[in-house]
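S.K.: Sharing a structure below in structure tokens format, with a few things to ask.
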Amino acid sequence: MSDIAINKPVAMAGPRGKRPRPLFSPRNIMIYGTLFVAAAYYLLPLYVMVVTSLKGMPEIRLGNIFSPPMEITFEPWVKAWATACTGLNCDGLSRGFWNSVRITIPSVVVSIAIASVNGYALANWRFKGSELFFSILVVGAFIPYQVMIYPIVIVLREMGIYGTLTGLIIVHTIFGMPILTLLFRNYFASLPEELFKAARIDGAGFWAIYFQIMLPMALPIFVVAMILQVTGIWNDFLFGVVFTRPEYYPMTVQLNNIVNSVQGVKEYNVNMAATILTGAVPLIVYFVSGRLFVRGIAAGAVKG
Amino acid sequence: MTGQAKAGRPNQLLRNLNAKIASIPMILTAVVIFFGGTLWTVLYSFTNSKLLPRLKFVGFDQYERLWAAPRWVISIENLAIYGFFSLIFSLVIGFVLAALMDQKIRFENTFRTIFLYPFALSFIVTGLVWQWILNPEFGVQSVVRSLGWTSFVFDPLYTPSIVIYGILIAALWQGTGLVMCLMLAGLRGIDEDIWKASRVDGIPTWKTYLLIIIPMMRPVFITTLVIIASGIVKVYDLVVAQTSGGPGIASEVPAKYVYDYMFQAQNLGQGFAASTMMLVTVAIIIVPWAYLEFGGGRKRV
Amino acid sequence: MNSSVSIKDLSLNFGAVSVLEHLDLEIRDGEFLVLLGSSGCGKSTLLNCIAGLLDISDGQIFIKGKNVTWEEPKDRGIGMVFQSYALYPQMTVEKNLSFGLKVAKLPQAEIDKRVARAAEILQIQPLLKRKPSELSGGQRQRVAIGRALVRDVDVFLFDEPLSNLDAKLRSELRVEIKRLHQSLKNTMIYVTHDQIEALTLADRIAVMKSGVIQQLADPMTIYNFPENRFVAGFIGSPSMNFFSGEIVDRDDHKFVRVNGVDFGLDAYPARSPLETGRKVVLGVRPEHVKVDEALAGGEFHDAVVDIEEPMGADNLLWLKLAGQTMSVRIAGNRRYAPGKPVKLSFDMSMASVFDAVTENRI
């Protein structure tokens with residue numbers, strides 16, 4: 001026995017060391033092949049949008065939509081932003097952009113403020129009936145908007161704010177409430193209950209605990225909620241059409257009116273530039289937020 | 001400590017007063033809008049309201065008229081086709097992509113970013129892009145033809161019989177990334193030891209997926225199904241942007257029917273009846289799910 | 001004697017589920033009372049009721065003679081320490097300590113004074129500027145105790161404060177809490193499932209099971225004279241040996257007969273007459289049995305060694321006696337091989353006899 005132990009460099013026959021893993025094994029080719037094909041399908045429209053928006057109309061009429069521009073022009077972008085015509089006016093998407101900004105910012109702030117307090121109350125200060133109201137809210141998230149739109153029109157009309165920005169902000173707050181409340185409730189419920197108890201022993205009340213203990217701990221979930229709401233409200237079309245007057249139309253509505261307007265010659269390059277411009281804000285939010293975006297939709301969706 | 005004398009039993013209504021005040025928006029939304037609004041719409045669907053809602057009951061007249069309208073029937077057919085294929089394809093594509101992503105691949109983040117970015121875009125943007133790509137004069141059809149295949153025909157948006165599939169392509173592009181993400185989260189939630197055990201037992205990967213992993217992911221599949229399904233019923237913007245319901249009425253959907261009758265044709269009764277039908281459709285999807293999920297012994301709270 | 005916390009006829013139910021039922025408890029001024037029981041016995045619930053964090057269904061709670069049944073937690077004159085420390089993560093240690101005082105709008109000078117005093121007592125002055133995430137478990141729990149300390153209250157409530165710590169830290173902090181109690185002389189109510197903590201810390205222990213206090217007494221009484229079989233079995237590790245048998249009369253002496261083996265009851269301090277024929281359970285702790293050593297007036301019983309578990313200082317022998325398995329604790333240096341026959345002698349003066357039906361001590 002000891003002899004063998006001393007002569008240790010004697011290598012036995014057979015496999016030894018790191019097992020070879022060929023880079024181009026059939027398995028890898030299949031996996032990466034499928035993934036690359038799928039990625040191409042998902043990237044194609046973005047590519048088409050960009051190249052089309054950078055071409056002049058003559059080139060579009062001649063060439064195919066996948067070919068890169070021979071001569072890059074930014075004119076379509078300028079036109080889409082400043083002078084493209086809807087059926088009503090010809091000041092481009094800029095009006096819709098600023099309307100969307102004016103709609104999105106207050107809607108995001110108000111809806112998150114209300115929903116976070118709701119979620120906090122539901123997680124920590126349950127009262128008789130609070131769970132019932134919450135259940136109605138969550139079930140309500142599945143009711144098609146079309147069912148509730150007209151009653152809301154009536155309510156807003158009675159309040160004298162139908163067609164105004166305020167009205168639309170309220171609508172966004174209402175329809176954002178189920179998912180956001182759920183998000184915040186689950187988050188606050190996941191915090192250790194003892195923290196809340198300790199704060200109560202320290203004598204803090206409803207608002208003191210919310211602002212001084214809970215809020216500072218909930219920053220990540222606030223970011224998630226903001227991502228959810230900014231993209232959701234920016235992308236909204238239905239409420240924009242139903243609850244505002246044309247001068248307040250958000251960007252999506254304006255975009256649709258520009259592209260699908262029946263008057264004049266179709267300028268596909270301008271249309272695509274306008275489309276990119278409208279998609280830019282949520283796309284930027286998406287690329288900047290990365291994992292938080294995934295977390296937001298997963299939290300929102302899975303628990304829904 | 002505060003010098004506040006609390007002699008009597010605190011009033012039950014005043015207890016937690018701040019919490020109750022803070023919950024007023026939620027209570028109003030739940031009770032007035034979600035509950036009251038839904039009841040209101042259902043109630044008025046039995047009236048002959050035209051320009052303004054009026055409480056003149058006409059029984060099921062609106063529903064009879066609804067189901068006699070070719071446009072509504074086409075809308076429902078479209079929804080059925082769109083819904084069926086959209087469910088199948090999103091689940092299959094979503095799961096396959098998630099399973100591939102779960103193979104400890106390189107560039108996972110890049111791939112996920114690519115698959116999910118369409119979900120950040122609005123349906124309007126989605127519809128307009130695909131309208132352009134499927135444009136018969138300049139889009140895919142003309143490109144293939146210019147490659148020499150001159151008789152190639154792929155023109156869904158102007159062919160009534162297949163227009164809904166053109167919308168389906170766009171919808172899948174927009175939504176499968178989300179399904180992939182949900183599925184991936186589900187796959188990641190499965191105990192690593194299951195995989196180790198199946199490897200030691202020598203079970204082929206595809207069999208492990210089919211016989212062990214997918215059954216284990218049942219809850220994820222069900223929630224995903226519900227999310228996709230309730231999204232399908234709401235489909236509206238995509239159709240408006242991509243085809244405006246055309247050609248003719250070939251790509252109409254229920255949500256668009258409701259909007260057009262409520263706000264353009266000024267035939268509120270029809271709009272209410274149609275939206276009530278949408279509600280029924282959703283209920284058919286949701287109620288069995290809610291029963292499975294929350295009924296039957298309250299498995300989770 | 002002055003009563004600090006007094007609970008009268010307290011009941012708590014959640015819907016149809018009754019958690020605490022008609023519970024009475026008097027806690028003396030400056031006393032260290034431990035509520036001991038396994039999880040779900042209602043001990044933490046009782047503590048939360050005392051703190052005012054749970055609304056009770058019926059009964060009254062007095063703290064320092066004041067009826068606080070309907071008071072808010074902050075107005076009850078209590079401080080509380082939690083199992084998970086419950087430190088506010090975004091605040092420094094100093095802010096954590098002063099938060100409650102700021103809410104109560106105390107003058108800054110007073111706040112500073114109290115924080116400084118608490119920090120000195122607990123020796124956490126160097127940590128004051130740190131965030132909880134930068135502290136070790138033991139340091140966090142010290143801060144949590146400090147938060148109760150600064151409130152300058154009469155009653156401290158501890159909800160399993162050491163359960164999240166590892167064994168070594170736990171014993172260190174246990175000593176520290178005891179020292180704290182000795183110097184502050186406050187009333188302390190301490191919930192735990194750990195009998196060592198209970199036995200080492202308590203002036204009195206209340207052993208709880210399904211919302212009912214099984215026995216309330218000082219640790220030594222609880223250990224040596226358990227009121228019923230549950231308390232006997234719950235306290236002590238390894239747990240007490242139990243033998244089911246019946247009382248027999250032989251030559252004018254009472255015995256417990258277990259499978260034909262008789263254990264003499266002459267030395268047993270019975271409270272009530274031991275009627276012949278009564279079905280009983282005899283309980284003997286592992287350390288109250290001698291192996292191959294006679295006790296004064298004791299008899300020998302034949303047993304066979306089954307397994308031995310040497311633990312260093314002690315050696316735990318598992319033996320077969322009268323058809324049952326039992327354990328005996330002997331000195332660590334005395335070793336026995338499995339299968340070896342031995343002679344046991346029981347210290348019946350330290351034994352317990354319970355009625356087989358009511359399970360109460362006789």
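Ordered as shown in the structure tokens, chains take letters A, B, and onward, while each chain numbers its residues from 1 and ligands are numbered from 1 in the order shown.
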How close does chain C get to chain B? List, as a Markdown table, each residue of chain C within 9 Å, its nearest atom pair and the distance in Å to one decimal, counting only C-alpha atoms.
M.R.:
```
| residue | atom | partner | partner_atom | distance |
| --- | --- | --- | --- | --- |
| C:Trp70 | CA | B:Arg9 | CA | 6.5 |
| C:Glu71 | CA | B:Lys6 | CA | 7.4 |
| C:Lys74 | CA | B:Met1 | CA | 8.3 |
| C:Asp75 | CA | B:Met1 | CA | 6.0 |
| C:Arg76 | CA | B:Met1 | CA | 8.7 |
| C:Gly77 | CA | B:Met1 | CA | 8.6 |
| C:Ala104 | CA | B:Thr2 | CA | 8.1 |
```
S.K.: Write out as a list in words the residues lying within 7 Å of stretch 247-263 of chain B, counting only C-alpha atoms and excluding same-chain residues fewer than 5 positions away.
M.R.: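 Non-adjacent residues within range: Gln146 of chain A; Arg71, Trp72, Ile74, Ser75, Ile76, Asn78, Leu79, Tyr158, Pro160, Val163, Ile164, Lys234, Val235, Tyr236, Leu268, Gln270, Gly271, Ala274 and Ser275 of chain B.
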S.K.: Based on the selection just made, write C-alpha atoms of those residues as a tab-separated table (two decimals), in the first residue's frame.
M.R.:
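The result, stored in part37.tsv:
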```
chain	number	residue	atom	x	y	z
A	146	GLN	CA	-66.02	49.00	-20.33
B	71	ARG	CA	-70.93	43.00	-35.97
B	72	TRP	CA	-71.32	41.63	-32.44
B	74	ILE	CA	-68.09	38.69	-35.56
B	75	SER	CA	-66.63	40.42	-32.49
B	76	ILE	CA	-67.30	37.39	-30.37
B	78	ASN	CA	-62.82	37.11	-33.28
B	79	LEU	CA	-62.43	37.17	-29.53
B	158	TYR	CA	-56.39	43.47	-45.69
B	160	PRO	CA	-60.98	39.70	-43.79
B	163	VAL	CA	-57.08	39.68	-40.22
B	164	ILE	CA	-57.44	38.51	-36.62
B	234	LYS	CA	-60.00	43.77	-22.66
B	235	VAL	CA	-58.26	43.89	-26.07
B	236	TYR	CA	-59.15	47.21	-27.64
B	268	LEU	CA	-76.16	53.43	-24.63
B	270	GLN	CA	-76.51	48.41	-26.67
B	271	GLY	CA	-73.24	49.49	-25.11
B	274	ALA	CA	-72.44	44.42	-24.73
B	275	SER	CA	-70.34	45.38	-21.71
```
S.K.: Which residues are close to A:Cys90, i.e. within 12 Å by only C-alpha atoms, leaving aside same-chain residues fewer than 3 positions away? Reply as a PDB file with N, CA and C atoms, in the first residue's frame.
M.R.:
```
ATOM      1  N   LYS A  79     -40.569  66.494 -38.053  1.00  0.00           N
ATOM      2  CA  LYS A  79     -41.950  66.677 -38.483  1.00  0.00           C
ATOM      3  C   LYS A  79     -42.913  65.989 -37.501  1.00  0.00           C
ATOM      4  N   ALA A  80     -42.567  64.788 -37.099  1.00  0.00           N
ATOM      5  CA  ALA A  80     -43.438  64.065 -36.179  1.00  0.00           C
ATOM      6  C   ALA A  80     -43.609  64.842 -34.889  1.00  0.00           C
ATOM      7  N   TRP A  81     -42.547  65.451 -34.450  1.00  0.00           N
ATOM      8  CA  TRP A  81     -42.600  66.172 -33.172  1.00  0.00           C
ATOM      9  C   TRP A  81     -43.360  67.480 -33.304  1.00  0.00           C
ATOM     10  N   ALA A  82     -43.116  68.213 -34.431  1.00  0.00           N
ATOM     11  CA  ALA A  82     -43.575  69.598 -34.458  1.00  0.00           C
ATOM     12  C   ALA A  82     -44.723  69.880 -35.412  1.00  0.00           C
ATOM     13  N   THR A  83     -44.826  69.191 -36.534  1.00  0.00           N
ATOM     14  CA  THR A  83     -45.812  69.657 -37.513  1.00  0.00           C
ATOM     15  C   THR A  83     -46.735  68.580 -38.061  1.00  0.00           C
ATOM     16  N   ALA A  84     -46.626  67.354 -37.603  1.00  0.00           N
ATOM     17  CA  ALA A  84     -47.506  66.322 -38.148  1.00  0.00           C
ATOM     18  C   ALA A  84     -48.957  66.662 -37.836  1.00  0.00           C
ATOM     19  N   CYS A  85     -49.859  66.245 -38.737  1.00  0.00           N
ATOM     20  CA  CYS A  85     -51.259  66.625 -38.592  1.00  0.00           C
ATOM     21  C   CYS A  85     -52.103  65.470 -38.077  1.00  0.00           C
ATOM     22  N   THR A  86     -52.935  65.778 -37.102  1.00  0.00           N
ATOM     23  CA  THR A  86     -54.027  64.886 -36.770  1.00  0.00           C
ATOM     24  C   THR A  86     -55.204  65.432 -37.565  1.00  0.00           C
ATOM     25  N   GLY A  87     -56.361  64.908 -37.370  1.00  0.00           N
ATOM     26  CA  GLY A  87     -57.507  65.455 -38.077  1.00  0.00           C
ATOM     27  C   GLY A  87     -57.814  66.877 -37.634  1.00  0.00           C
ATOM     28  N   LEU A  93     -46.649  65.824 -32.431  1.00  0.00           N
ATOM     29  CA  LEU A  93     -46.822  65.051 -31.212  1.00  0.00           C
ATOM     30  C   LEU A  93     -46.490  65.830 -29.950  1.00  0.00           C
ATOM     31  N   SER A  94     -45.809  66.974 -30.143  1.00  0.00           N
ATOM     32  CA  SER A  94     -45.327  67.681 -28.964  1.00  0.00           C
ATOM     33  C   SER A  94     -46.482  67.983 -28.012  1.00  0.00           C
ATOM     34  N   ARG A  95     -47.625  68.369 -28.586  1.00  0.00           N
ATOM     35  CA  ARG A  95     -48.782  68.669 -27.744  1.00  0.00           C
ATOM     36  C   ARG A  95     -49.174  67.438 -26.921  1.00  0.00           C
ATOM     37  N   GLY A  96     -49.244  66.283 -27.605  1.00  0.00           N
ATOM     38  CA  GLY A  96     -49.600  65.048 -26.903  1.00  0.00           C
ATOM     39  C   GLY A  96     -48.570  64.695 -25.844  1.00  0.00           C
ATOM     40  N   GLN A 254     -53.012  60.920 -29.631  1.00  0.00           N
ATOM     41  CA  GLN A 254     -52.514  61.789 -30.685  1.00  0.00           C
ATOM     42  C   GLN A 254     -51.775  60.979 -31.751  1.00  0.00           C
ATOM     43  N   ASN A 257     -54.141  59.207 -33.931  1.00  0.00           N
ATOM     44  CA  ASN A 257     -54.816  60.128 -34.835  1.00  0.00           C
ATOM     45  C   ASN A 257     -53.901  60.546 -35.974  1.00  0.00           C
ATOM     46  N   ILE A 258     -52.615  60.723 -35.677  1.00  0.00           N
ATOM     47  CA  ILE A 258     -51.682  61.100 -36.742  1.00  0.00           C
ATOM     48  C   ILE A 258     -51.532  59.965 -37.737  1.00  0.00           C
ATOM     49  N   SER A 261     -54.907  58.925 -39.499  1.00  0.00           N
ATOM     50  CA  SER A 261     -55.758  59.950 -40.086  1.00  0.00           C
ATOM     51  C   SER A 261     -55.860  59.681 -41.576  1.00  0.00           C
ATOM     52  N   GLN A 263     -56.655  61.813 -43.931  1.00  0.00           N
ATOM     53  CA  GLN A 263     -56.333  62.884 -44.869  1.00  0.00           C
ATOM     54  C   GLN A 263     -54.875  62.832 -45.291  1.00  0.00           C
TER      55      GLN A 263
END
```
S.K.: Could you list, as a list of chain:residue names, every residue within 12 Å of C:Thr221, counting only C-alpha atoms and ignoring same-chain residues fewer than 2 positions away?
M.R.: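 The residues that qualify are C:Leu199, C:Ala202, C:Asp203, C:Arg204, C:Ile205, C:Ala206, C:Val207, C:Gln215, C:Leu216, C:Ala217, C:Asp218, C:Pro219, C:Tyr223, C:Asn224, C:Phe225, C:Pro226, C:Glu227, C:Val231, C:Ala232, C:Ile235, C:Met350, C:Ser352.
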S.K.: Please provide as a list of chain:residue names all residues within 9 Å of B:Leu116, with the sequence filter that same-chain residues fewer than 2 positions apart are discarded (counting only C-alpha atoms).
M.R.: A:Tyr42, A:Val294, B:Phe111, B:Arg112, B:Thr113, B:Ile114, B:Pro118, B:Phe119, B:Ala120, B:Gln174, B:Gly175, B:Thr176, B:Gly177, B:Leu178, B:Met180, B:Cys181
S.K.: Dump as JSON lines the rows for residues of chain A within 7 Å of chain C: closest atom pair and distance in Å with one decimal, only C-alpha atoms counted, ordered by chain and rising residue number.
M.R.:
```
{"residue": "A:Glu194", "atom": "CA", "partner": "C:Ala86", "partner_atom": "CA", "distance": 5.5}
{"residue": "A:Leu195", "atom": "CA", "partner": "C:Ala86", "partner_atom": "CA", "distance": 4.4}
{"residue": "A:Lys197", "atom": "CA", "partner": "C:Leu53", "partner_atom": "CA", "distance": 6.8}
{"residue": "A:Ala198", "atom": "CA", "partner": "C:Ala86", "partner_atom": "CA", "distance": 6.5}
{"residue": "A:Arg200", "atom": "CA", "partner": "C:Pro73", "partner_atom": "CA", "distance": 6.5}
{"residue": "A:Ile201", "atom": "CA", "partner": "C:Lys74", "partner_atom": "CA", "distance": 4.8}
{"residue": "A:Asp202", "atom": "CA", "partner": "C:Gly100", "partner_atom": "CA", "distance": 4.1}
{"residue": "A:Gly203", "atom": "CA", "partner": "C:Lys74", "partner_atom": "CA", "distance": 4.6}
{"residue": "A:Ala204", "atom": "CA", "partner": "C:Val103", "partner_atom": "CA", "distance": 6.2}
{"residue": "A:Ile213", "atom": "CA", "partner": "C:Tyr88", "partner_atom": "CA", "distance": 6.6}
{"residue": "A:Pro216", "atom": "CA", "partner": "C:Gln90", "partner_atom": "CA", "distance": 6.6}
{"residue": "A:Met217", "atom": "CA", "partner": "C:Gln90", "partner_atom": "CA", "distance": 6.9}
```
S.K.: Filtering to N, CA and C atoms, could you give me those residues as a PDB file, in the first residue's frame?
M.R.:
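The new file part_18.pdb reads:
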```
ATOM      1  N   GLU A 194     -43.473  42.967  14.440  1.00  0.00           N
ATOM      2  CA  GLU A 194     -42.967  43.467  15.715  1.00  0.00           C
ATOM      3  C   GLU A 194     -42.502  44.911  15.614  1.00  0.00           C
ATOM      4  N   LEU A 195     -42.073  45.276  14.385  1.00  0.00           N
ATOM      5  CA  LEU A 195     -41.635  46.649  14.167  1.00  0.00           C
ATOM      6  C   LEU A 195     -42.792  47.609  14.408  1.00  0.00           C
ATOM      7  N   LYS A 197     -45.421  46.895  16.186  1.00  0.00           N
ATOM      8  CA  LYS A 197     -45.764  46.851  17.613  1.00  0.00           C
ATOM      9  C   LYS A 197     -44.836  47.753  18.419  1.00  0.00           C
ATOM     10  N   ALA A 198     -43.547  47.662  18.092  1.00  0.00           N
ATOM     11  CA  ALA A 198     -42.574  48.482  18.819  1.00  0.00           C
ATOM     12  C   ALA A 198     -42.903  49.956  18.658  1.00  0.00           C
ATOM     13  N   ARG A 200     -45.788  51.252  18.115  1.00  0.00           N
ATOM     14  CA  ARG A 200     -46.990  51.594  18.880  1.00  0.00           C
ATOM     15  C   ARG A 200     -46.656  51.762  20.358  1.00  0.00           C
ATOM     16  N   ILE A 201     -45.775  50.878  20.851  1.00  0.00           N
ATOM     17  CA  ILE A 201     -45.359  51.028  22.256  1.00  0.00           C
ATOM     18  C   ILE A 201     -44.640  52.351  22.444  1.00  0.00           C
ATOM     19  N   ASP A 202     -43.885  52.747  21.400  1.00  0.00           N
ATOM     20  CA  ASP A 202     -43.194  54.031  21.470  1.00  0.00           C
ATOM     21  C   ASP A 202     -44.177  55.190  21.358  1.00  0.00           C
ATOM     22  N   GLY A 203     -45.431  54.881  21.128  1.00  0.00           N
ATOM     23  CA  GLY A 203     -46.443  55.927  21.180  1.00  0.00           C
ATOM     24  C   GLY A 203     -46.767  56.552  19.841  1.00  0.00           C
ATOM     25  N   ALA A 204     -46.220  56.007  18.744  1.00  0.00           N
ATOM     26  CA  ALA A 204     -46.503  56.602  17.442  1.00  0.00           C
ATOM     27  C   ALA A 204     -47.883  56.163  16.962  1.00  0.00           C
ATOM     28  N   ILE A 213     -41.715  55.379  10.062  1.00  0.00           N
ATOM     29  CA  ILE A 213     -41.197  54.010  10.109  1.00  0.00           C
ATOM     30  C   ILE A 213     -41.381  53.317   8.763  1.00  0.00           C
ATOM     31  N   PRO A 216     -39.850  55.145   5.015  1.00  0.00           N
ATOM     32  CA  PRO A 216     -38.420  55.004   4.708  1.00  0.00           C
ATOM     33  C   PRO A 216     -38.033  53.562   4.367  1.00  0.00           C
ATOM     34  N   MET A 217     -38.813  52.599   4.852  1.00  0.00           N
ATOM     35  CA  MET A 217     -38.473  51.205   4.564  1.00  0.00           C
ATOM     36  C   MET A 217     -39.049  50.748   3.236  1.00  0.00           C
TER      37      MET A 217
END
```
S.K.: Output as a PyMOL selection string all residues of stretch 27-84 of chain A that backbone DSSP marks as helix (DSSP H, G or I).
M.R.: chain A and resi 27-53+57-62+75-82
S.K.: Tell me which protein, DNA and RNA residues are within 10 Å of stretch 216-229 of chain B, counting only C-alpha atoms, leaving out same-chain ones fewer than 5 positions away, and put them as a compact mmCIF listing (two decimals) with N, CA and C atoms, in the first residue's frame.
M.R.:
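Below is the file selection_3.txt, written as the result:
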```txt
# COMPACT_ATOMS: atom_id res chain seq x y z
N PHE A 142 -60.51 42.70 -12.19
CA PHE A 142 -60.76 41.80 -13.32
C PHE A 142 -61.97 42.23 -14.15
N ALA A 301 -48.44 40.95 -11.22
CA ALA A 301 -49.17 39.93 -11.96
C ALA A 301 -49.39 38.66 -11.14
N VAL A 302 -48.33 38.16 -10.52
CA VAL A 302 -48.47 36.86 -9.87
C VAL A 302 -49.47 36.89 -8.74
N LYS A 303 -49.42 37.98 -7.97
CA LYS A 303 -50.34 38.05 -6.84
C LYS A 303 -51.75 38.38 -7.29
N GLY A 304 -51.86 38.97 -8.48
CA GLY A 304 -53.19 39.38 -8.95
C GLY A 304 -54.13 38.20 -9.02
N GLY B 83 -58.53 34.68 -28.59
CA GLY B 83 -58.32 34.22 -27.22
C GLY B 83 -57.70 32.84 -27.19
N PHE B 84 -58.26 31.94 -27.99
CA PHE B 84 -57.78 30.56 -28.00
C PHE B 84 -56.30 30.50 -28.39
N SER B 86 -54.15 32.92 -28.66
CA SER B 86 -53.29 33.74 -27.83
C SER B 86 -52.92 33.00 -26.54
N LEU B 87 -53.89 32.29 -25.95
CA LEU B 87 -53.59 31.50 -24.75
C LEU B 87 -52.58 30.40 -25.05
N ILE B 88 -52.88 29.62 -26.10
CA ILE B 88 -52.01 28.49 -26.43
C ILE B 88 -50.59 28.98 -26.72
N SER B 90 -49.10 31.94 -26.21
CA SER B 90 -48.34 32.62 -25.15
C SER B 90 -47.81 31.62 -24.16
N LEU B 91 -48.64 30.65 -23.79
CA LEU B 91 -48.18 29.68 -22.80
C LEU B 91 -47.03 28.84 -23.35
N PHE B 95 -43.36 29.42 -22.08
CA PHE B 95 -42.73 28.36 -21.30
C PHE B 95 -41.44 27.88 -21.94
N GLY B 175 -46.86 40.48 -25.72
CA GLY B 175 -47.18 39.90 -24.41
C GLY B 175 -46.41 38.66 -23.99
N THR B 176 -45.73 37.96 -24.92
CA THR B 176 -45.11 36.70 -24.51
C THR B 176 -43.94 36.92 -23.55
N LEU B 178 -43.85 38.80 -21.02
CA LEU B 178 -44.38 38.76 -19.66
C LEU B 178 -44.60 37.32 -19.22
N VAL B 179 -45.20 36.52 -20.13
CA VAL B 179 -45.44 35.12 -19.78
C VAL B 179 -44.12 34.41 -19.51
N MET B 180 -43.13 34.72 -20.35
CA MET B 180 -41.81 34.12 -20.15
C MET B 180 -41.28 34.46 -18.75
N LEU B 182 -42.97 35.31 -16.03
CA LEU B 182 -43.73 34.63 -14.98
C LEU B 182 -43.31 33.16 -14.90
N MET B 183 -43.16 32.54 -16.08
CA MET B 183 -42.77 31.13 -16.12
C MET B 183 -41.36 30.95 -15.55
N LEU B 184 -40.48 31.87 -15.89
CA LEU B 184 -39.11 31.77 -15.41
C LEU B 184 -39.08 31.87 -13.89
N ALA B 185 -39.90 32.81 -13.37
CA ALA B 185 -39.99 32.93 -11.91
C ALA B 185 -40.49 31.62 -11.32
N GLY B 186 -41.47 31.01 -11.99
CA GLY B 186 -42.00 29.74 -11.52
C GLY B 186 -40.94 28.65 -11.54
N LEU B 187 -40.17 28.60 -12.64
CA LEU B 187 -39.12 27.58 -12.75
C LEU B 187 -38.05 27.78 -11.69
N GLY B 189 -38.50 28.94 -8.90
CA GLY B 189 -39.05 28.65 -7.57
C GLY B 189 -39.04 27.16 -7.26
N ILE B 190 -38.66 26.36 -8.26
CA ILE B 190 -38.67 24.91 -8.03
C ILE B 190 -37.36 24.47 -7.38
N TYR B 209 -39.37 17.83 -17.40
CA TYR B 209 -40.24 18.99 -17.57
C TYR B 209 -41.70 18.58 -17.63
N LEU B 210 -41.95 17.59 -18.49
CA LEU B 210 -43.33 17.23 -18.78
C LEU B 210 -44.02 16.58 -17.59
N LEU B 211 -43.29 15.68 -16.91
CA LEU B 211 -43.96 14.87 -15.89
C LEU B 211 -43.79 15.42 -14.48
N LYS B 234 -60.07 42.31 -22.61
CA LYS B 234 -60.00 43.77 -22.66
C LYS B 234 -59.43 44.30 -23.98
N THR B 281 -68.39 37.08 -19.65
CA THR B 281 -67.25 36.32 -20.16
C THR B 281 -66.14 36.23 -19.11
N VAL B 282 -65.84 37.38 -18.51
CA VAL B 282 -64.79 37.40 -17.49
C VAL B 282 -65.18 36.52 -16.31
N ILE B 285 -64.43 33.02 -16.71
CA ILE B 285 -63.01 32.69 -16.52
C ILE B 285 -62.64 32.75 -15.05
N ILE B 286 -63.08 33.82 -14.38
CA ILE B 286 -62.59 34.10 -13.04
C ILE B 286 -63.21 33.21 -11.97
N TRP B 289 -61.66 29.86 -11.35
CA TRP B 289 -60.31 30.06 -10.82
C TRP B 289 -60.36 30.47 -9.36
N ALA B 290 -61.21 31.47 -9.07
CA ALA B 290 -61.31 31.95 -7.70
C ALA B 290 -61.76 30.81 -6.80
N LEU B 292 -61.17 27.59 -7.26
CA LEU B 292 -60.04 26.69 -7.07
C LEU B 292 -59.02 27.27 -6.11
N GLU B 293 -58.77 28.57 -6.30
CA GLU B 293 -57.70 29.22 -5.57
C GLU B 293 -58.08 29.50 -4.12
```
S.K.: Could you jot down the atom CA of A:Ile161 to atom CA of A:Asn89 separation for me, Å, one decimal place?
M.R.: 24.3 Å
S.K.: Using only C-alpha atoms, which residues sit within 9 Å of C:Thr276 once same-chain residues fewer than 5 positions away are excluded, as a ChimeraX atom specification?
M.R.: /C:246-249,254-255
S.K.: Of the candidates A:Val37, A:Met148, A:Leu62, A:Ile112, which one gets nearest to chain B if we count only C-alpha atoms?
M.R.: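 Closest residue, counting only C-alpha atoms: A:Met148.
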S.K.: Taking into account only C-alpha atoms, which residue in the set A:Leu182, A:Ile233, A:Ala39, A:Val241 is nearest to chain B?
M.R.: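 Distance minimum relative to chain B lands on A:Ala39.
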S.K.: Could you give me, as JSON lines, a per-residue list for stretch 29-74 of chain B showing, wherever an atom lies at most 10 Å from an atom of stretch 152-155 of chain A, the closest pair of atoms and their distance in Å to one decimal, using only C-alpha atoms and sorting by chain then residue number from low to high?
M.R.:
```
{"residue": "B:Val32", "atom": "CA", "partner": "A:Ile152", "partner_atom": "CA", "distance": 9.4}
{"residue": "B:Ile33", "atom": "CA", "partner": "A:Ile152", "partner_atom": "CA", "distance": 7.0}
{"residue": "B:Phe34", "atom": "CA", "partner": "A:Ile152", "partner_atom": "CA", "distance": 9.8}
{"residue": "B:Gly37", "atom": "CA", "partner": "A:Ile152", "partner_atom": "CA", "distance": 7.4}
{"residue": "B:Pro53", "atom": "CA", "partner": "A:Ile154", "partner_atom": "CA", "distance": 9.6}
```
S.K.: Using only C-alpha atoms, find the one residue out of B:Phe89, B:Ile133, B:Leu97, B:Ser45 that sits nearest to B:Arg65.
M.R.: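 Closest candidate: B:Ser45.
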S.K.: Atom CA of C:Glu309 and atom CA of C:Lys168 are how many Å apart?
M.R.: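 Result for atom CA of C:Glu309 versus atom CA of C:Lys168: 22.8 Å, one decimal.
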